[in-house]
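To start, the structure under review is shown below, and the notes come after it.
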Amino acid sequence: MKAMRQNDRWRWLTAGAVAVCLLAFTLLIGLLAWQGVRAFWPQGVDLYTFSQPEGGETRLLGETLEHQRRFPAPADEQGNNGGQVHRYLIKTGNRDWDAPDFRVVYSRAAAKVSQPPDVIVLQRRSHGQAYGWFVGLREDNEELTAQDPDALLHQRLGQVQMLVRQANQIRRVDMARLNSQREELDEQAATDRTAGRFDLQAESEYQANQAALQRRFNQLSETLASLQQQSQRDLLILRDVQGNEHAIPLTEIVDSWKPNAMTLTSKTGHFLHQLWRFVSDSPAGGESESGAFPAIFGTVLMVLLMSVVVMPLGVIAAIWLHEYAGRNALTRLVRIAVVNLAGVPSIVYGVFGLGFFVWLAGGTIDQLFFASALPNPTFGTPGLLWASLTLALLTLPVVIVATEEGLSRIPNSLRQGSLALGATQAETLWNVVLPMAVPAMLTGLILAVARAAGETAPLMLVGVVKMVPELPVDAVFPYLHLDRKFMHLGFQIYDLAFQSPNIEADRPLVFATALLLVLIILSLNLLAMGLRHRLRERYRLMTQ
């Protein structure tokens, strides 16, 4: 009875610990979702009218973030050393002509607040949001008239965005391919000159090919200039709360809406559209100032490359330690080293990756294979390849320990039975031991992915940057460019939280980006856990 009661205590203690962990994780997801996702919901825009003590009124237009009715009056607020006032925190936008775009206002009397239905909100590619009243559109300084100005605005905005996409396609794909072909042509000519094969016929072919590429490049440049000129013809006239009119090019506008006139259905559709834009847009491509697609792509690609490197190395090392090395001083020393490597701070791995991978290995590769490009480095600079290798080295102890634990759980009777039937040790390892150890390998992969995806400090030294002009994958051969720098969700969180010049505006994006990172790690882990469960069920009967 005493043992049963003691087992009940441990059972309840374990269940309580699991419940606390699940609750903490749920609260974390809820906090990130509430603080981050709500920024994409169209908030109402308020028109404030504050009465001044000396007479007159002050008007502000923006989103109400906070209103405290009984706030202790600041000591320097109009010479007032006591009492209570109303405190308003208002997002007024219009950063480029009426900074700052967040205002803290103290008022003894409550402000008059209204929500004009015709107020428009403009989401811009830079300088944040703009608030005001839509006056009209101009094309080459000529007023555009229509029975439905809002419909005309959205039509012109769609046309301009299509022109911008076409220009980005030419700049990123077509011109990039031409530049790659010109570089290959120049490299081939340089090789022929060195080998003494650059005769008159080769020179004539080289000049003809170069002229053809130059003509094609000039055609694309003319098309690009025409698209840019067409996209910059339209201007939107916005009147602010002070009555001043501002001309904003439609190329700078991502979206526009009138939140005070929107229904619940239209707000829901707008929310989903904004959420998709945040996930799918790219700041480098000009779609949005806060797009997270390059960071998502870079994070997932880096984790996949890291997994491809770390799994074979970790599994081979674990097999050697458990199956071949035996029990001696050397294996004990290796196991101690593996355990100690798991506790080394990640920034130390970043310094090692910078010194060994980037400067030594990358510099050697440049001297051997890319000498014509020096002094401009190709692989001798931080990039995707070195970041993946550094994180593979960082997570290698986790994979080794998890795999070796899985190998130790396989009964020796299975190995002895296989050997007794005439199989060699290698055949036993490949056909019996490794399939049963796959769930443990995937456990190590899960732990490695969870740690690698959340690392930031080492990546700052070996490849991650704030903004990249192009992704590591494009339409130019060899399609996957391991030498390029990349963006990462962890570094983007750090940059938005600590390096942003306007932290109030970027605070919701910090939570939204953190939520994205957690969901990506959770998705990768669930995928590996599902595969591990299927394999575990397949080989369970072999251990019974």
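Ordering of the structure tokens sets the chain letters (A, B, ...); residue numbers start at 1 within each chain; ligands are numbered from 1 in the order shown.
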Counting only C-alpha atoms, what are the residues of stretch 47-96 of chain A within 12 Å of stretch 251-270 of chain A, and for each of them which pair of atoms is the nearest and at what distance in Å, to one decimal? Sort the table by chain and rising number, as a Markdown table.
| residue | atom | partner | partner_atom | distance |
| --- | --- | --- | --- | --- |
| A:Leu47 | CA | A:Asn260 | CA | 11.0 |
| A:Gly62 | CA | A:Pro259 | CA | 11.4 |
| A:Glu63 | CA | A:Pro259 | CA | 10.4 |
Which residues are close to A:Ser418, i.e. within 10 Å by only C-alpha atoms, leaving aside same-chain residues fewer than 5 positions away? Reply as a short mmCIF file (atom, residue, chain, number, x, y, z; two decimals) with all heavy atoms, in the first residue's frame.
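part-v4.cif written:
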data_model
loop_
_atom_site.label_atom_id
_atom_site.label_comp_id
_atom_site.auth_asym_id
_atom_site.auth_seq_id
_atom_site.Cartn_x
_atom_site.Cartn_y
_atom_site.Cartn_z
N ASN A 412 20.94 -6.91 -27.47
CA ASN A 412 22.06 -7.60 -28.09
C ASN A 412 21.65 -8.93 -28.70
O ASN A 412 22.33 -9.46 -29.60
CB ASN A 412 23.18 -7.83 -27.06
CG ASN A 412 23.91 -6.55 -26.72
OD1 ASN A 412 24.06 -5.68 -27.57
ND2 ASN A 412 24.36 -6.46 -25.48
N SER A 413 20.54 -9.49 -28.23
CA SER A 413 20.08 -10.77 -28.79
C SER A 413 19.75 -10.64 -30.28
O SER A 413 19.91 -11.60 -31.04
CB SER A 413 18.85 -11.25 -28.02
OG SER A 413 17.80 -10.28 -28.10
N ALA A 423 24.90 -13.47 -41.15
CA ALA A 423 25.10 -12.10 -41.60
C ALA A 423 26.40 -11.55 -41.02
O ALA A 423 26.83 -11.91 -39.92
CB ALA A 423 23.93 -11.23 -41.15
N THR A 424 27.02 -10.68 -41.80
CA THR A 424 28.23 -10.01 -41.31
C THR A 424 27.85 -8.90 -40.35
O THR A 424 26.67 -8.53 -40.22
CB THR A 424 29.04 -9.45 -42.48
OG1 THR A 424 28.25 -8.44 -43.14
CG2 THR A 424 29.40 -10.55 -43.47
N GLN A 425 28.84 -8.32 -39.70
CA GLN A 425 28.56 -7.23 -38.77
C GLN A 425 28.01 -6.03 -39.52
O GLN A 425 27.11 -5.34 -39.02
CB GLN A 425 29.82 -6.85 -38.00
CG GLN A 425 29.57 -5.81 -36.92
CD GLN A 425 30.81 -5.51 -36.10
OE1 GLN A 425 31.89 -5.99 -36.42
NE2 GLN A 425 30.66 -4.71 -35.04
N GLU A 427 26.25 -6.10 -42.36
CA GLU A 427 24.88 -6.42 -42.76
C GLU A 427 23.94 -6.34 -41.56
O GLU A 427 22.80 -5.88 -41.67
CB GLU A 427 24.84 -7.81 -43.38
CG GLU A 427 25.53 -7.89 -44.73
CD GLU A 427 25.61 -9.31 -45.25
OE1 GLU A 427 25.50 -10.26 -44.41
OE2 GLU A 427 25.80 -9.50 -46.45
N THR A 428 24.40 -6.80 -40.42
CA THR A 428 23.58 -6.68 -39.21
C THR A 428 23.32 -5.23 -38.85
O THR A 428 22.19 -4.85 -38.50
CB THR A 428 24.28 -7.39 -38.04
OG1 THR A 428 24.47 -8.76 -38.37
CG2 THR A 428 23.48 -7.27 -36.77
N LEU A 429 24.36 -4.43 -38.96
CA LEU A 429 24.20 -3.01 -38.66
C LEU A 429 23.22 -2.35 -39.61
O LEU A 429 22.35 -1.57 -39.19
CB LEU A 429 25.57 -2.33 -38.72
CG LEU A 429 25.60 -0.83 -38.45
CD1 LEU A 429 25.21 -0.55 -37.00
CD2 LEU A 429 26.98 -0.26 -38.75
N ASN A 431 20.87 -3.73 -41.75
CA ASN A 431 19.53 -4.30 -41.91
C ASN A 431 18.76 -4.47 -40.61
O ASN A 431 17.54 -4.60 -40.64
CB ASN A 431 19.62 -5.67 -42.61
CG ASN A 431 20.18 -5.57 -44.02
OD1 ASN A 431 19.80 -4.69 -44.79
ND2 ASN A 431 21.10 -6.47 -44.36
N VAL A 432 19.45 -4.50 -39.48
CA VAL A 432 18.77 -4.76 -38.21
C VAL A 432 18.89 -3.57 -37.25
O VAL A 432 17.89 -3.05 -36.74
CB VAL A 432 19.33 -6.03 -37.54
CG1 VAL A 432 18.66 -6.27 -36.18
CG2 VAL A 432 19.12 -7.24 -38.45
N VAL A 433 20.13 -3.14 -37.00
CA VAL A 433 20.36 -2.15 -35.95
C VAL A 433 19.88 -0.76 -36.38
O VAL A 433 19.12 -0.10 -35.65
CB VAL A 433 21.85 -2.13 -35.57
CG1 VAL A 433 22.11 -1.05 -34.53
CG2 VAL A 433 22.27 -3.49 -35.03
#
Output as JSON, numbers by chain all residues of stretch 388-495 of chain A that backbone DSSP marks as strand (DSSP E or B). {"A": [464, 473, 480, 486]}
Pull all heavy atoms from the residues just selected and write them as a PDB file, in the first residue's frame.
ATOM      1  N   VAL A 464      24.330  35.790 -41.547  1.00  0.00           N
ATOM      2  CA  VAL A 464      23.028  36.435 -41.527  1.00  0.00           C
ATOM      3  C   VAL A 464      23.187  37.947 -41.591  1.00  0.00           C
ATOM      4  O   VAL A 464      24.138  38.512 -41.048  1.00  0.00           O
ATOM      5  CB  VAL A 464      22.242  36.019 -40.266  1.00  0.00           C
ATOM      6  CG1 VAL A 464      22.813  36.655 -39.021  1.00  0.00           C
ATOM      7  CG2 VAL A 464      20.764  36.371 -40.401  1.00  0.00           C
ATOM      8  N   VAL A 473      18.242  31.215 -53.470  1.00  0.00           N
ATOM      9  CA  VAL A 473      17.732  30.397 -54.566  1.00  0.00           C
ATOM     10  C   VAL A 473      17.098  31.323 -55.594  1.00  0.00           C
ATOM     11  O   VAL A 473      16.284  32.179 -55.246  1.00  0.00           O
ATOM     12  CB  VAL A 473      16.695  29.374 -54.063  1.00  0.00           C
ATOM     13  CG1 VAL A 473      16.093  28.592 -55.220  1.00  0.00           C
ATOM     14  CG2 VAL A 473      17.329  28.425 -53.056  1.00  0.00           C
ATOM     15  N   LEU A 480      20.949  27.194 -56.538  1.00  0.00           N
ATOM     16  CA  LEU A 480      21.198  27.311 -55.095  1.00  0.00           C
ATOM     17  C   LEU A 480      22.581  27.915 -54.901  1.00  0.00           C
ATOM     18  O   LEU A 480      23.591  27.301 -55.244  1.00  0.00           O
ATOM     19  CB  LEU A 480      21.110  25.944 -54.410  1.00  0.00           C
ATOM     20  CG  LEU A 480      21.445  25.921 -52.912  1.00  0.00           C
ATOM     21  CD1 LEU A 480      20.504  26.817 -52.130  1.00  0.00           C
ATOM     22  CD2 LEU A 480      21.403  24.491 -52.380  1.00  0.00           C
ATOM     23  N   PHE A 486      22.058  35.620 -46.080  1.00  0.00           N
ATOM     24  CA  PHE A 486      20.640  35.316 -45.981  1.00  0.00           C
ATOM     25  C   PHE A 486      20.053  36.007 -44.757  1.00  0.00           C
ATOM     26  O   PHE A 486      20.778  36.540 -43.908  1.00  0.00           O
ATOM     27  CB  PHE A 486      20.420  33.797 -45.888  1.00  0.00           C
ATOM     28  CG  PHE A 486      20.966  33.175 -44.632  1.00  0.00           C
ATOM     29  CD1 PHE A 486      20.138  32.837 -43.580  1.00  0.00           C
ATOM     30  CD2 PHE A 486      22.333  32.931 -44.493  1.00  0.00           C
ATOM     31  CE1 PHE A 486      20.637  32.277 -42.425  1.00  0.00           C
ATOM     32  CE2 PHE A 486      22.851  32.367 -43.343  1.00  0.00           C
ATOM     33  CZ  PHE A 486      22.003  32.033 -42.316  1.00  0.00           C
TER      34      PHE A 486
END
Residues within 12 Å of A:Gly93, please, as a PyMOL selection string. Count only C-alpha atoms; anything in the same chain fewer than 3 positions from it doesn't count. chain A and resi 45+60-64+90+96-103+120-124+126-132+240-241+502+504-505
Name the residues in contact with stretch 138-152 of chain A at a cut-off of 6 Å, using only C-alpha atoms, excluding same-chain residues fewer than 6 positions from it; report them as a CSV table (one decimal) with N, CA and C atoms, in the first residue's frame.
chain,number,residue,atom,x,y,z
A,233,ARG,N,4.0,57.8,-62.5
A,233,ARG,CA,3.2,58.9,-63.1
A,233,ARG,C,2.1,59.3,-62.1
A,234,ASP,N,1.5,58.3,-61.4
A,234,ASP,CA,0.3,58.5,-60.6
A,234,ASP,C,0.7,59.0,-59.2
A,235,LEU,N,0.0,60.0,-58.7
A,235,LEU,CA,0.2,60.5,-57.4
A,235,LEU,C,-1.1,60.6,-56.6
Please provide the set of residues having any atom within 8 Å of stretch 309-317 of chain A, restricted to only C-alpha atoms, with same-chain residues fewer than 4 positions apart removed, written as a ChimeraX atom specification. /A:305,321,389,392-393,395-397,399-400,403,441,445
If we count only C-alpha atoms, what is near stretch 166-169 of chain A at a cut-off of 9 Å, once residues fewer than 4 positions away on the same chain are taken out, given as a list of chain:residue names? A:Gln161, A:Met162, A:Val173, A:Asp174, A:Met175, A:Thr223, A:Leu224, A:Ala225, A:Leu227, A:Gln228, A:Gly285, A:Gly286
For C-alpha atoms, I'd like the residues from the last selection saved as a PDB file, in the first residue's frame.
ATOM      1  CA  GLN A 161       1.733  47.185 -58.377  1.00  0.00           C
ATOM      2  CA  MET A 162       1.628  45.076 -61.544  1.00  0.00           C
ATOM      3  CA  VAL A 173      15.562  37.276 -63.309  1.00  0.00           C
ATOM      4  CA  ASP A 174      16.221  38.515 -66.832  1.00  0.00           C
ATOM      5  CA  MET A 175      19.069  40.901 -66.045  1.00  0.00           C
ATOM      6  CA  THR A 223      11.912  48.284 -70.852  1.00  0.00           C
ATOM      7  CA  LEU A 224      12.768  48.661 -67.168  1.00  0.00           C
ATOM      8  CA  ALA A 225      13.080  52.434 -67.469  1.00  0.00           C
ATOM      9  CA  LEU A 227       8.016  50.510 -66.573  1.00  0.00           C
ATOM     10  CA  GLN A 228       9.485  52.669 -63.834  1.00  0.00           C
ATOM     11  CA  GLY A 285      11.549  43.388 -53.495  1.00  0.00           C
ATOM     12  CA  GLY A 286       9.729  46.548 -52.566  1.00  0.00           C
TER      13      GLY A 286
END
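Among the candidates A:Val510, A:Val401, A:Arg415, A:Ala190, the one nearest to A:Ala337 when counting only C-alpha atoms is A:Val401.
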So that I can check the surroundings of A:Ile493, please list as a PDB file with C-alpha atoms, in the first residue's frame every protein, DNA and RNA residue that reaches within 9 Å of it, counting only C-alpha atoms and ignoring chain neighbours fewer than 5 positions away.
ATOM      1  CA  HIS A 488      16.905  34.752 -40.411  1.00  0.00           C
ATOM      2  CA  PHE A 498      16.882  46.540 -30.349  1.00  0.00           C
ATOM      3  CA  LEU A 509       6.186  42.925 -35.670  1.00  0.00           C
ATOM      4  CA  VAL A 510       8.538  41.589 -32.980  1.00  0.00           C
ATOM      5  CA  PHE A 511       5.753  39.439 -31.542  1.00  0.00           C
ATOM      6  CA  THR A 513       7.981  37.371 -36.110  1.00  0.00           C
ATOM      7  CA  ALA A 514       8.546  35.478 -32.866  1.00  0.00           C
TER       8      ALA A 514
END
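Comparing the minimum interatomic distances between A:Glu537 and each of A:Met436, A:Val398, A:Leu471, A:Ile503, counting only C-alpha atoms, we find that A:Met436 sits nearest.
In terms of minimum interatomic distance to A:Ile248, A:Arg125 ranks closest within A:Arg11, A:Lys485, A:Arg125, A:Arg70, counting only C-alpha atoms.
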Which of stretch 228-369 of chain A counts as alpha helix (DSSP H) under DSSP, as a PyMOL selection string please? chain A and resi 228-231+264-280+293-319+329-342+346-352+363-369
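The smallest atom-to-atom distance between A:Asp483 and any of A:Thr381, A:Gln416, A:Thr26, A:Thr456, using only C-alpha atoms, is found for A:Thr381.
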Under the rule that only C-alpha atoms are counted, which of A:Pro458, A:Gly380, A:Arg165, A:Phe293 is the nearest residue to A:Ile365? A:Gly380
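Nearest to A:Phe217 of all the residues A:Ala176, A:Gln52, A:Ala247, A:Gln188 is A:Ala176, based on only C-alpha atoms.
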